Amino acid sequence: MLSIGTQFDAGAIEVIEIIEAGDPADIRLRLRPDTAADIRQWFHFRLQGAKQKACRLRFLDAGRSAYPDGWRDYRVAASYDRKRWFRIPDTFYDGEVLTVECTPESDSLYFAYFEPYSWERHLDLLGRVDAAPLARVERLGSTLEGRDLDLVTVDTPGADRRSVWVIARQHPGETMAEWFVEGMLERLLDAADPVARRILERAVLFVVPNMNPDGAVAGNLRTNAAGANLNREWLKPSLERSPEVYLVRQRMHETGVDLFLDIHGDEALPYVFVDGGSMLPGFTAAQAQRERRFTDSLLAASADFQTGHGYAPDRFSDELLTLASKYVGHTFGCLSLTLEMPFKDNADLPHPECGWSAARSVRLGAAILQPILAHLQSERREAGPCAQ
Ligand code: ZN
C-alpha cells in the first residue's frame with residue numbers, strides 16, 4: 001500500500017487523490033504554501049511502500065511556485081535513512097510540472113527540496129556549543145509560537161571587543177544556511193585551529209544559527225508564523241509580527257557591529273556568491289575595498305566561492321533598508337554581506353551525486369573563518385599607529 005507522510009519536522013506536501021488508486025507511476029502532488037503566506041517551494045515528505053516499484057511523482061503546480069526558475073536544472077534531494085542524502089537524476093521540469101522518476105530500493109524514501117536541518121539537530125548543536133569553554137547560549141526571547149530564539153556568543157577573556165555577527169535561516173527553508181553555521185561554529189570552537197584562535201583574540205562572535213524557528217519546524221520556505229518575510233523587516237521590526245528580528249536587532253544596537261554576515265540559499269542561481277552594499281547611499285571607496293578584501297580572501301579559502309555571478313547591484317532598490325545586510329551596513333557603516341549558496345549545485349564545480357549539499361555547506365562555513373580573520377587583521381593594521 002502506497003502512502004505519503006508529512007507529520008514530522010519541516011514536513012510539507014499536498015497529495016492529490018492518487019494514492020488511493022495506488023499507482024506508483026502516477027503520484028500527483030501539489031506544493032504546500034508557507035503556513036501564513038502564499039509561498040510555495042519547500043517540500044519534505046516520506047513515500048512509503050514503493051520498494052522496487054517504478055515511481056513517477058509529479059509536482060503539478062511547480063510552475064506557479066515562488067521561484068519557478070528554481071526548478072530548471074534542479075534535482076530532487078532524497079534519502080533512505082535521513083542521514084545520507086543524494087539527488088535523484090531523473091528530475092525533469094517542463095515549465096509547469098516537475099516530474100521525478102525513481103525506483104526506491106527500500107520501502108521508505110524521503111524527499112526534500114534540500115537536505116533538512118531539523119529542530120532536534122539545532123538543539124544538539126546548541127548543546128555542543130554550550131559545552132565549549134568559550135561559548136555560551138543565551139535565549140534572547142520567544143518566537144510567536146513560543147520557541148526559544150537563541151544567540152551563541154563566543155568570547156575570549158581579554159579579547160578586543162570588536163563584534164562579528166553571523167545570522168542564518170531568516171528564510172527557514174534555506175537549511176544550507178544552518179549547515180554553514182554548524183561548520184563555522186565547529187571550527188571556531190576547535191582549540192587546535194590557529195585561524196579560530198587568532199579570530200578570538202580580536203573579536204567577540206555573535207551567532208544566531210536559526211533566525212526563524214517557527215518557520216523551520218513548519219516547513220516554510222520564506223516566512224515566520226505571522227507570514228512575515230524576516231529579511232524585509234529590518235527597518236521596523238515589531239514584537240507582534242517579527243519578534244525574531246526585533247530581538248536580534250536590539251542586541252546588535254547594544255553590542256555594535258564591526259562585521260555582519262547574513263547566510264542564505266538562492267533558489268535559481270547555481271553558484272556561491274555574496275551581495276554587498278555597493279547600492280547603498282553613501283557607500284565609500286574604502287567600504288568597497290573592504291568588500292573586495294573579504295571576497296579575495298574567501299576565493300583563496302574556498303574553491304566553491306566565486307565572484308562572477310550574483311545579484312545585479314540595483315536589485316533591491318525599493319526595499320533596500322528593510323534587508324538585514326543593507327540595514328546593518330548602512331546603520332553601523334561596517335562590512336556587511338549577504339552570502340548565498342545554491343539549492344541546485346555549484347555549476348563551476350558540480351557534484352553528480354549530491355549537487356550542493358549539507359556537507360559542502362559545512363565546509364564553506366568552516367572556510368569563512370579565513371576572510372573573517374583577514375578582515376579583522378586589516379582593520380587593525382589600518383587603525384594602528386604603524387599603518388603603511
Ligand atoms: Zn534567503
# chains A, B, ... in the order shown; residues from 1 in each chain; ligands from 1

call {"tool": "select_by_dssp", "arguments": {"residues": "segment 258-289 of chain A", "states": "helix (DSSP H, G or I)", "output": "MDAnalysis selection string"}}
result
chainID A and resid 285:289

call {"tool": "closest_atom_pairs", "arguments": {"of": "chain A", "to": "ligand 1", "cutoff": "9 Å", "atoms": "only C-alpha atoms and all ligand atoms", "output": "Markdown table"}}
result
| residue | atom | partner | partner_atom_place_in_ligand_line | distance |
| --- | --- | --- | --- | --- |
| A:Ala168 | CA | ligand 1 | 1 (Zn) | 8.9 |
| A:Arg169 | CA | ligand 1 | 1 (Zn) | 7.2 |
| A:Gln170 | CA | ligand 1 | 1 (Zn) | 6.7 |
| A:His171 | CA | ligand 1 | 1 (Zn) | 4.9 |
| A:Pro172 | CA | ligand 1 | 1 (Zn) | 8.1 |
| A:Gly173 | CA | ligand 1 | 1 (Zn) | 8.3 |
| A:Glu174 | CA | ligand 1 | 1 (Zn) | 6.3 |
| A:Ala177 | CA | ligand 1 | 1 (Zn) | 8.8 |
| A:Leu221 | CA | ligand 1 | 1 (Zn) | 8.7 |
| A:Arg222 | CA | ligand 1 | 1 (Zn) | 7.2 |
| A:Asn231 | CA | ligand 1 | 1 (Zn) | 7.6 |
| A:Asp262 | CA | ligand 1 | 1 (Zn) | 8.9 |
| A:Ile263 | CA | ligand 1 | 1 (Zn) | 7.5 |
| A:His264 | CA | ligand 1 | 1 (Zn) | 4.4 |
| A:Gly265 | CA | ligand 1 | 1 (Zn) | 5.3 |
| A:Asp266 | CA | ligand 1 | 1 (Zn) | 6.3 |
| A:Glu267 | CA | ligand 1 | 1 (Zn) | 8.6 |
| A:Thr338 | CA | ligand 1 | 1 (Zn) | 8.8 |
| A:Glu340 | CA | ligand 1 | 1 (Zn) | 7.5 |

call {"tool": "write_last_selection", "arguments": {"atoms": "all heavy atoms", "output": "short mmCIF file (atom, residue, chain, number, x, y, z; two decimals), in the first residue's frame"}}
result
data_model
loop_
_atom_site.label_atom_id
_atom_site.label_comp_id
_atom_site.auth_asym_id
_atom_site.auth_seq_id
_atom_site.Cartn_x
_atom_site.Cartn_y
_atom_site.Cartn_z
N ALA A 168 21.60 33.20 10.44
CA ALA A 168 21.23 32.25 9.38
C ALA A 168 19.75 31.89 9.47
O ALA A 168 19.14 31.96 10.53
CB ALA A 168 22.06 30.98 9.51
N ARG A 169 19.21 31.49 8.36
CA ARG A 169 17.84 30.97 8.24
C ARG A 169 16.77 32.01 8.56
O ARG A 169 15.73 31.68 9.13
CB ARG A 169 17.63 29.72 9.07
CG ARG A 169 18.39 28.52 8.53
CD ARG A 169 18.04 27.24 9.25
NE ARG A 169 16.84 26.60 8.71
CZ ARG A 169 16.33 25.47 9.17
NH1 ARG A 169 16.88 24.86 10.20
NH2 ARG A 169 15.25 24.93 8.64
N GLN A 170 17.00 33.28 8.22
CA GLN A 170 15.84 34.18 8.22
C GLN A 170 14.76 33.57 7.34
O GLN A 170 13.57 33.66 7.63
CB GLN A 170 16.22 35.54 7.64
CG GLN A 170 17.15 36.36 8.49
CD GLN A 170 17.04 37.82 8.08
OE1 GLN A 170 16.13 38.52 8.54
NE2 GLN A 170 17.96 38.27 7.25
N HIS A 171 15.21 32.99 6.22
CA HIS A 171 14.32 32.22 5.35
C HIS A 171 14.48 30.75 5.76
O HIS A 171 15.50 30.13 5.45
CB HIS A 171 14.69 32.44 3.88
CG HIS A 171 14.50 33.85 3.45
ND1 HIS A 171 15.34 34.50 2.56
CD2 HIS A 171 13.57 34.77 3.82
CE1 HIS A 171 14.92 35.75 2.40
NE2 HIS A 171 13.85 35.93 3.15
N PRO A 172 13.49 30.21 6.46
CA PRO A 172 13.71 28.94 7.16
C PRO A 172 13.96 27.75 6.25
O PRO A 172 14.63 26.80 6.65
CB PRO A 172 12.42 28.77 7.97
CG PRO A 172 11.40 29.61 7.27
CD PRO A 172 12.15 30.77 6.71
N GLY A 173 13.43 27.79 5.02
CA GLY A 173 13.65 26.67 4.10
C GLY A 173 15.07 26.63 3.54
O GLY A 173 15.45 25.64 2.91
N GLU A 174 15.84 27.68 3.79
CA GLU A 174 17.23 27.72 3.30
C GLU A 174 18.12 27.02 4.34
O GLU A 174 18.94 27.63 5.02
CB GLU A 174 17.63 29.16 3.02
CG GLU A 174 16.81 29.73 1.87
CD GLU A 174 16.85 31.26 1.76
OE1 GLU A 174 17.63 31.90 2.48
OE2 GLU A 174 16.07 31.80 0.95
N ALA A 177 21.91 27.22 5.16
CA ALA A 177 22.46 28.30 5.98
C ALA A 177 22.83 27.81 7.38
O ALA A 177 23.83 28.22 7.96
CB ALA A 177 21.47 29.46 6.06
N LEU A 221 9.17 28.06 3.47
CA LEU A 221 10.36 28.48 2.72
C LEU A 221 10.87 29.84 3.19
O LEU A 221 12.05 30.03 3.42
CB LEU A 221 10.08 28.56 1.22
CG LEU A 221 11.31 29.00 0.40
CD1 LEU A 221 12.27 27.84 0.23
CD2 LEU A 221 10.94 29.62 -0.92
N ARG A 222 9.94 30.82 3.31
CA ARG A 222 10.37 32.23 3.43
C ARG A 222 9.90 32.94 4.70
O ARG A 222 10.44 33.99 5.02
CB ARG A 222 9.79 33.03 2.24
CG ARG A 222 10.22 32.58 0.88
CD ARG A 222 11.50 33.17 0.42
NE ARG A 222 11.43 34.59 0.08
CZ ARG A 222 12.51 35.29 -0.24
NH1 ARG A 222 13.69 34.71 -0.27
NH2 ARG A 222 12.41 36.57 -0.54
N ASN A 231 13.50 38.97 6.28
CA ASN A 231 14.51 39.80 5.61
C ASN A 231 13.91 41.00 4.89
O ASN A 231 14.54 41.60 4.03
CB ASN A 231 15.34 38.96 4.63
CG ASN A 231 16.72 39.58 4.40
OD1 ASN A 231 17.24 40.30 5.25
ND2 ASN A 231 17.30 39.30 3.23
N ASP A 262 24.97 37.58 6.71
CA ASP A 262 23.61 37.03 6.74
C ASP A 262 23.58 35.87 5.74
O ASP A 262 23.77 36.09 4.53
CB ASP A 262 22.63 38.14 6.35
CG ASP A 262 21.18 37.68 6.40
OD1 ASP A 262 20.91 36.64 7.03
OD2 ASP A 262 20.32 38.36 5.79
N ILE A 263 23.35 34.65 6.23
CA ILE A 263 23.57 33.46 5.41
C ILE A 263 22.25 32.96 4.82
O ILE A 263 21.26 32.77 5.54
CB ILE A 263 24.23 32.33 6.24
CG1 ILE A 263 25.41 32.88 7.06
CG2 ILE A 263 24.68 31.20 5.33
CD1 ILE A 263 26.51 33.52 6.25
N HIS A 264 22.26 32.72 3.49
CA HIS A 264 21.04 32.35 2.76
C HIS A 264 21.32 31.25 1.73
O HIS A 264 22.46 30.87 1.47
CB HIS A 264 20.52 33.57 1.99
CG HIS A 264 19.87 34.60 2.85
ND1 HIS A 264 18.51 34.78 2.93
CD2 HIS A 264 20.42 35.50 3.71
CE1 HIS A 264 18.23 35.75 3.78
NE2 HIS A 264 19.37 36.21 4.26
N GLY A 265 20.21 30.81 1.10
CA GLY A 265 20.30 29.95 -0.08
C GLY A 265 19.52 30.60 -1.20
O GLY A 265 18.50 31.25 -0.95
N ASP A 266 19.98 30.45 -2.43
CA ASP A 266 19.27 31.03 -3.58
C ASP A 266 18.68 29.91 -4.43
O ASP A 266 19.36 28.96 -4.80
CB ASP A 266 20.20 31.90 -4.42
CG ASP A 266 19.44 32.65 -5.49
OD1 ASP A 266 19.21 32.07 -6.58
OD2 ASP A 266 19.01 33.79 -5.22
N GLU A 267 17.39 30.07 -4.77
CA GLU A 267 16.67 29.03 -5.48
C GLU A 267 17.15 28.87 -6.92
O GLU A 267 17.19 27.76 -7.45
CB GLU A 267 15.16 29.35 -5.48
CG GLU A 267 14.50 29.23 -4.12
CD GLU A 267 14.79 30.42 -3.20
OE1 GLU A 267 15.41 31.42 -3.65
OE2 GLU A 267 14.43 30.34 -2.01
N THR A 338 25.42 39.67 2.45
CA THR A 338 24.55 38.51 2.36
C THR A 338 25.33 37.44 1.62
O THR A 338 25.88 37.71 0.56
CB THR A 338 23.27 38.84 1.55
OG1 THR A 338 22.64 39.97 2.17
CG2 THR A 338 22.32 37.67 1.54
N GLU A 340 25.08 33.81 -0.26
CA GLU A 340 24.09 32.89 -0.84
C GLU A 340 24.76 31.61 -1.31
O GLU A 340 25.79 31.65 -1.97
CB GLU A 340 23.42 33.56 -2.06
CG GLU A 340 22.68 34.85 -1.76
CD GLU A 340 21.24 34.62 -1.29
OE1 GLU A 340 20.80 33.45 -1.28
OE2 GLU A 340 20.59 35.62 -0.92
#

call {"tool": "residues_around", "arguments": {"residues": "segment 37-53 of chain A", "least_positions_apart": "6", "cutoff": "7 Å", "atoms": "only C-alpha atoms", "output": "JSON, numbers by chain"}}
result
{"A": [1, 2, 3, 4, 5, 6, 10, 11, 12, 13, 24, 31, 65, 66, 103, 104, 105, 106, 107, 108, 109, 110, 111, 112, 113, 173, 219, 220, 221, 227]}

call {"tool": "residues_around", "arguments": {"residues": "Thr295 of chain A", "least_positions_apart": "3", "cutoff": "12 Å", "atoms": "only C-alpha atoms", "output": "short mmCIF file (atom, residue, chain, number, x, y, z; two decimals) with N, CA and C atoms, in the first residue's frame"}}
result
data_model
loop_
_atom_site.label_atom_id
_atom_site.label_comp_id
_atom_site.auth_asym_id
_atom_site.auth_seq_id
_atom_site.Cartn_x
_atom_site.Cartn_y
_atom_site.Cartn_z
N VAL A 272 27.82 29.94 -5.47
CA VAL A 272 28.01 30.57 -4.17
C VAL A 272 28.47 32.00 -4.43
N PHE A 273 27.79 32.96 -3.83
CA PHE A 273 28.16 34.36 -4.06
C PHE A 273 27.76 35.22 -2.87
N VAL A 274 28.29 36.44 -2.85
CA VAL A 274 27.87 37.39 -1.80
C VAL A 274 27.26 38.62 -2.46
N ASP A 275 26.42 39.27 -1.69
CA ASP A 275 25.81 40.53 -2.13
C ASP A 275 26.18 41.59 -1.10
N GLY A 276 26.80 42.66 -1.55
CA GLY A 276 27.32 43.67 -0.63
C GLY A 276 26.50 44.93 -0.59
N ALA A 288 34.15 49.70 -0.31
CA ALA A 288 34.28 48.81 -1.46
C ALA A 288 35.56 47.99 -1.36
N GLN A 289 36.61 48.63 -0.90
CA GLN A 289 37.88 47.92 -0.76
C GLN A 289 37.79 46.83 0.31
N ARG A 290 37.09 47.11 1.40
CA ARG A 290 36.87 46.11 2.44
C ARG A 290 36.14 44.88 1.89
N GLU A 291 35.12 45.14 1.09
CA GLU A 291 34.38 44.02 0.49
C GLU A 291 35.30 43.19 -0.40
N ARG A 292 36.10 43.91 -1.20
CA ARG A 292 36.99 43.20 -2.12
C ARG A 292 38.00 42.35 -1.36
N LEU A 298 38.06 34.96 0.64
CA LEU A 298 37.17 33.80 0.55
C LEU A 298 37.45 32.99 -0.71
N LEU A 299 37.83 33.68 -1.78
CA LEU A 299 38.22 32.96 -3.01
C LEU A 299 39.41 32.03 -2.74
N ALA A 300 40.35 32.54 -1.94
CA ALA A 300 41.53 31.73 -1.63
C ALA A 300 41.18 30.59 -0.67
N ALA A 301 40.16 30.81 0.17
CA ALA A 301 39.83 29.81 1.20
C ALA A 301 38.91 28.72 0.69
N SER A 302 38.07 29.01 -0.31
CA SER A 302 37.11 28.01 -0.79
C SER A 302 36.99 28.03 -2.31
N ALA A 303 37.26 26.89 -2.92
CA ALA A 303 37.12 26.77 -4.38
C ALA A 303 35.65 26.70 -4.81
N PHE A 305 33.59 29.13 -3.91
CA PHE A 305 33.16 30.52 -3.97
C PHE A 305 33.61 31.15 -5.29
N GLN A 306 32.83 32.10 -5.78
CA GLN A 306 33.18 32.82 -7.00
C GLN A 306 32.57 34.22 -6.94
N THR A 307 33.04 35.11 -7.82
CA THR A 307 32.52 36.47 -7.83
C THR A 307 31.96 36.88 -9.21
N GLY A 308 31.91 35.94 -10.14
CA GLY A 308 31.44 36.28 -11.49
C GLY A 308 29.93 36.35 -11.61
N LEU A 335 31.47 46.40 7.32
CA LEU A 335 31.38 45.40 6.25
C LEU A 335 30.18 44.51 6.53
N SER A 336 29.27 44.41 5.57
CA SER A 336 28.00 43.72 5.79
C SER A 336 27.60 43.01 4.50
N LEU A 337 27.51 41.68 4.56
CA LEU A 337 27.29 40.91 3.34
C LEU A 337 26.18 39.88 3.53
N THR A 338 25.42 39.67 2.45
CA THR A 338 24.55 38.51 2.36
C THR A 338 25.33 37.44 1.62
N LEU A 339 25.40 36.24 2.18
CA LEU A 339 26.07 35.14 1.49
C LEU A 339 25.02 34.14 1.02
N ALA A 367 35.32 27.42 6.06
CA ALA A 367 36.24 28.25 5.28
C ALA A 367 36.03 29.75 5.53
N ILE A 368 34.85 30.14 6.01
CA ILE A 368 34.56 31.57 6.16
C ILE A 368 35.44 32.19 7.25
N GLN A 370 38.60 32.20 7.43
CA GLN A 370 39.78 32.83 6.83
C GLN A 370 39.51 34.30 6.45
N PRO A 371 38.45 34.59 5.69
CA PRO A 371 38.19 36.01 5.39
C PRO A 371 37.76 36.82 6.61
N ILE A 372 37.13 36.19 7.59
CA ILE A 372 36.81 36.93 8.82
C ILE A 372 38.11 37.39 9.48
N ALA A 374 41.05 37.75 7.98
CA ALA A 374 41.70 38.74 7.11
C ALA A 374 41.10 40.12 7.34
N HIS A 375 39.78 40.16 7.51
CA HIS A 375 39.10 41.45 7.76
C HIS A 375 39.56 42.04 9.09
#

call {"tool": "atom_distance", "arguments": {"atom1": "atom CA of Leu189 of chain A", "atom2": "atom CA of Val152 of chain A"}}
result
11.6 Å

call {"tool": "closest_residue", "arguments": {"among": "A:Arg251, A:Arg232, A:Arg75, A:His309", "to": "Trp165 of chain A", "atoms": "only C-alpha atoms"}}
result
A:Arg251

call {"tool": "atom_distance", "arguments": {"atom1": "atom CA of Pro342 of chain A", "atom2": "atom CA of Cys354 of chain A"}}
result
12.3 Å

call {"tool": "residues_around", "arguments": {"residues": "Leu349 of chain A", "least_positions_apart": "2", "cutoff": "9 Å", "atoms": "only C-alpha atoms", "output": "MDAnalysis selection string"}}
result
chainID A and resid 303:304 345:347 351

call {"tool": "residues_around", "arguments": {"residues": "Gly183 of chain A", "least_positions_apart": "5", "cutoff": "10 Å", "atoms": "only C-alpha atoms", "output": "JSON, numbers by chain"}}
result
{"A": [178, 188, 358, 359, 360, 361, 362, 363, 364, 365, 366, 367, 368]}

call {"tool": "write_last_selection", "arguments": {"atoms": "N, CA and C atoms", "output": "tab-separated table (two decimals), in the first residue's frame"}}
result
chain	number	residue	atom	x	y	z
A	178	GLU	N	21.99	26.91	7.94
A	178	GLU	CA	22.34	26.42	9.28
A	178	GLU	C	23.43	25.35	9.21
A	188	LEU	N	35.32	27.20	14.75
A	188	LEU	CA	35.61	28.31	15.65
A	188	LEU	C	35.92	27.82	17.07
A	358	ALA	N	24.58	19.49	2.24
A	358	ALA	CA	24.88	19.87	3.62
A	358	ALA	C	26.38	19.85	3.85
A	359	ALA	N	27.05	18.78	3.37
A	359	ALA	CA	28.49	18.64	3.62
A	359	ALA	C	29.27	19.81	3.01
A	360	ARG	N	28.86	20.23	1.83
A	360	ARG	CA	29.58	21.35	1.19
A	360	ARG	C	29.28	22.66	1.92
A	361	SER	N	28.08	22.79	2.44
A	361	SER	CA	27.73	23.99	3.21
A	361	SER	C	28.56	24.05	4.49
A	362	VAL	N	28.73	22.89	5.15
A	362	VAL	CA	29.54	22.81	6.37
A	362	VAL	C	30.97	23.26	6.08
A	363	ARG	N	31.53	22.78	4.97
A	363	ARG	CA	32.91	23.14	4.64
A	363	ARG	C	33.05	24.61	4.27
A	364	LEU	N	32.06	25.15	3.60
A	364	LEU	CA	32.09	26.58	3.30
A	364	LEU	C	32.02	27.39	4.59
A	365	GLY	N	31.20	26.92	5.52
A	365	GLY	CA	31.09	27.59	6.82
A	365	GLY	C	32.42	27.59	7.57
A	366	ALA	N	33.14	26.46	7.47
A	366	ALA	CA	34.47	26.40	8.10
A	366	ALA	C	35.44	27.35	7.38
A	367	ALA	N	35.32	27.42	6.06
A	367	ALA	CA	36.24	28.25	5.28
A	367	ALA	C	36.03	29.75	5.53
A	368	ILE	N	34.85	30.14	6.01
A	368	ILE	CA	34.56	31.57	6.16
A	368	ILE	C	35.44	32.19	7.25

call {"tool": "closest_residue", "arguments": {"among": "A:Leu151, A:Pro213, A:Glu96, A:Thr156", "to": "Ala196 of chain A", "atoms": "only C-alpha atoms"}}
result
A:Thr156

call {"tool": "closest_residue", "arguments": {"among": "A:Glu201, A:Glu379, A:Glu319, A:Asp61", "to": "Met279 of chain A", "atoms": "only C-alpha atoms"}}
result
A:Glu319

call {"tool": "decode", "arguments": {"residues": "segment 182-204 of chain A", "atoms": "N, CA, C and O atoms", "output": "PDB file, in the first residue's frame"}}
result
ATOM      1  N   GLU A 182      26.836  25.525  11.341  1.00  0.00           N
ATOM      2  CA  GLU A 182      27.375  24.387  12.095  1.00  0.00           C
ATOM      3  C   GLU A 182      28.869  24.209  11.783  1.00  0.00           C
ATOM      4  O   GLU A 182      29.694  24.042  12.684  1.00  0.00           O
ATOM      5  N   GLY A 183      29.219  24.266  10.490  1.00  0.00           N
ATOM      6  CA  GLY A 183      30.624  24.129  10.107  1.00  0.00           C
ATOM      7  C   GLY A 183      31.483  25.253  10.652  1.00  0.00           C
ATOM      8  O   GLY A 183      32.625  25.051  11.090  1.00  0.00           O
ATOM      9  N   MET A 184      30.907  26.459  10.640  1.00  0.00           N
ATOM     10  CA  MET A 184      31.647  27.616  11.146  1.00  0.00           C
ATOM     11  C   MET A 184      31.889  27.502  12.655  1.00  0.00           C
ATOM     12  O   MET A 184      33.008  27.726  13.138  1.00  0.00           O
ATOM     13  N   LEU A 185      30.836  27.138  13.395  1.00  0.00           N
ATOM     14  CA  LEU A 185      30.975  27.060  14.858  1.00  0.00           C
ATOM     15  C   LEU A 185      31.908  25.929  15.276  1.00  0.00           C
ATOM     16  O   LEU A 185      32.694  26.074  16.214  1.00  0.00           O
ATOM     17  N   GLU A 186      31.817  24.784  14.588  1.00  0.00           N
ATOM     18  CA  GLU A 186      32.691  23.652  14.947  1.00  0.00           C
ATOM     19  C   GLU A 186      34.157  24.065  14.808  1.00  0.00           C
ATOM     20  O   GLU A 186      34.995  23.737  15.635  1.00  0.00           O
ATOM     21  N   ARG A 187      34.465  24.788  13.723  1.00  0.00           N
ATOM     22  CA  ARG A 187      35.865  25.203  13.533  1.00  0.00           C
ATOM     23  C   ARG A 187      36.251  26.297  14.521  1.00  0.00           C
ATOM     24  O   ARG A 187      37.356  26.303  15.063  1.00  0.00           O
ATOM     25  N   LEU A 188      35.315  27.195  14.751  1.00  0.00           N
ATOM     26  CA  LEU A 188      35.608  28.310  15.654  1.00  0.00           C
ATOM     27  C   LEU A 188      35.922  27.823  17.066  1.00  0.00           C
ATOM     28  O   LEU A 188      36.718  28.417  17.786  1.00  0.00           O
ATOM     29  N   LEU A 189      35.275  26.724  17.458  1.00  0.00           N
ATOM     30  CA  LEU A 189      35.455  26.211  18.820  1.00  0.00           C
ATOM     31  C   LEU A 189      36.520  25.120  18.902  1.00  0.00           C
ATOM     32  O   LEU A 189      36.704  24.504  19.950  1.00  0.00           O
ATOM     33  N   ASP A 190      37.226  24.906  17.794  1.00  0.00           N
ATOM     34  CA  ASP A 190      38.305  23.917  17.766  1.00  0.00           C
ATOM     35  C   ASP A 190      39.569  24.575  18.313  1.00  0.00           C
ATOM     36  O   ASP A 190      40.193  25.404  17.648  1.00  0.00           O
ATOM     37  N   ALA A 191      39.946  24.192  19.514  1.00  0.00           N
ATOM     38  CA  ALA A 191      41.077  24.845  20.189  1.00  0.00           C
ATOM     39  C   ALA A 191      42.402  24.593  19.482  1.00  0.00           C
ATOM     40  O   ALA A 191      43.393  25.260  19.760  1.00  0.00           O
ATOM     41  N   ALA A 192      42.421  23.634  18.531  1.00  0.00           N
ATOM     42  CA  ALA A 192      43.655  23.351  17.793  1.00  0.00           C
ATOM     43  C   ALA A 192      43.739  24.142  16.491  1.00  0.00           C
ATOM     44  O   ALA A 192      44.724  24.029  15.759  1.00  0.00           O
ATOM     45  N   ASP A 193      42.713  24.934  16.199  1.00  0.00           N
ATOM     46  CA  ASP A 193      42.694  25.645  14.910  1.00  0.00           C
ATOM     47  C   ASP A 193      43.297  27.044  15.062  1.00  0.00           C
ATOM     48  O   ASP A 193      42.747  27.893  15.783  1.00  0.00           O
ATOM     49  N   PRO A 194      44.395  27.320  14.369  1.00  0.00           N
ATOM     50  CA  PRO A 194      45.078  28.613  14.571  1.00  0.00           C
ATOM     51  C   PRO A 194      44.277  29.804  14.056  1.00  0.00           C
ATOM     52  O   PRO A 194      44.350  30.898  14.632  1.00  0.00           O
ATOM     53  N   VAL A 195      43.521  29.615  12.971  1.00  0.00           N
ATOM     54  CA  VAL A 195      42.719  30.732  12.453  1.00  0.00           C
ATOM     55  C   VAL A 195      41.634  31.103  13.460  1.00  0.00           C
ATOM     56  O   VAL A 195      41.413  32.286  13.759  1.00  0.00           O
ATOM     57  N   ALA A 196      40.990  30.088  14.022  1.00  0.00           N
ATOM     58  CA  ALA A 196      39.966  30.348  15.031  1.00  0.00           C
ATOM     59  C   ALA A 196      40.575  31.086  16.225  1.00  0.00           C
ATOM     60  O   ALA A 196      39.989  32.052  16.747  1.00  0.00           O
ATOM     61  N   ARG A 197      41.730  30.653  16.643  1.00  0.00           N
ATOM     62  CA  ARG A 197      42.336  31.287  17.827  1.00  0.00           C
ATOM     63  C   ARG A 197      42.685  32.749  17.550  1.00  0.00           C
ATOM     64  O   ARG A 197      42.489  33.619  18.404  1.00  0.00           O
ATOM     65  N   ARG A 198      43.193  33.008  16.350  1.00  0.00           N
ATOM     66  CA  ARG A 198      43.510  34.406  16.006  1.00  0.00           C
ATOM     67  C   ARG A 198      42.239  35.264  15.942  1.00  0.00           C
ATOM     68  O   ARG A 198      42.252  36.437  16.341  1.00  0.00           O
ATOM     69  N   ILE A 199      41.179  34.707  15.423  1.00  0.00           N
ATOM     70  CA  ILE A 199      39.913  35.466  15.387  1.00  0.00           C
ATOM     71  C   ILE A 199      39.474  35.810  16.808  1.00  0.00           C
ATOM     72  O   ILE A 199      39.104  36.950  17.111  1.00  0.00           O
ATOM     73  N   LEU A 200      39.553  34.818  17.685  1.00  0.00           N
ATOM     74  CA  LEU A 200      39.038  35.024  19.039  1.00  0.00           C
ATOM     75  C   LEU A 200      39.927  35.940  19.881  1.00  0.00           C
ATOM     76  O   LEU A 200      39.489  36.463  20.910  1.00  0.00           O
ATOM     77  N   GLU A 201      41.159  36.179  19.414  1.00  0.00           N
ATOM     78  CA  GLU A 201      41.978  37.216  20.058  1.00  0.00           C
ATOM     79  C   GLU A 201      41.448  38.610  19.743  1.00  0.00           C
ATOM     80  O   GLU A 201      41.695  39.558  20.468  1.00  0.00           O
ATOM     81  N   ARG A 202      40.763  38.699  18.597  1.00  0.00           N
ATOM     82  CA  ARG A 202      40.444  40.024  18.075  1.00  0.00           C
ATOM     83  C   ARG A 202      38.978  40.436  18.202  1.00  0.00           C
ATOM     84  O   ARG A 202      38.661  41.606  18.046  1.00  0.00           O
ATOM     85  N   ALA A 203      38.113  39.455  18.415  1.00  0.00           N
ATOM     86  CA  ALA A 203      36.691  39.821  18.352  1.00  0.00           C
ATOM     87  C   ALA A 203      35.827  38.888  19.188  1.00  0.00           C
ATOM     88  O   ALA A 203      36.218  37.769  19.515  1.00  0.00           O
ATOM     89  N   VAL A 204      34.648  39.377  19.511  1.00  0.00           N
ATOM     90  CA  VAL A 204      33.598  38.557  20.097  1.00  0.00           C
ATOM     91  C   VAL A 204      32.661  38.166  18.958  1.00  0.00           C
ATOM     92  O   VAL A 204      32.302  39.025  18.143  1.00  0.00           O
TER      93      VAL A 204
END
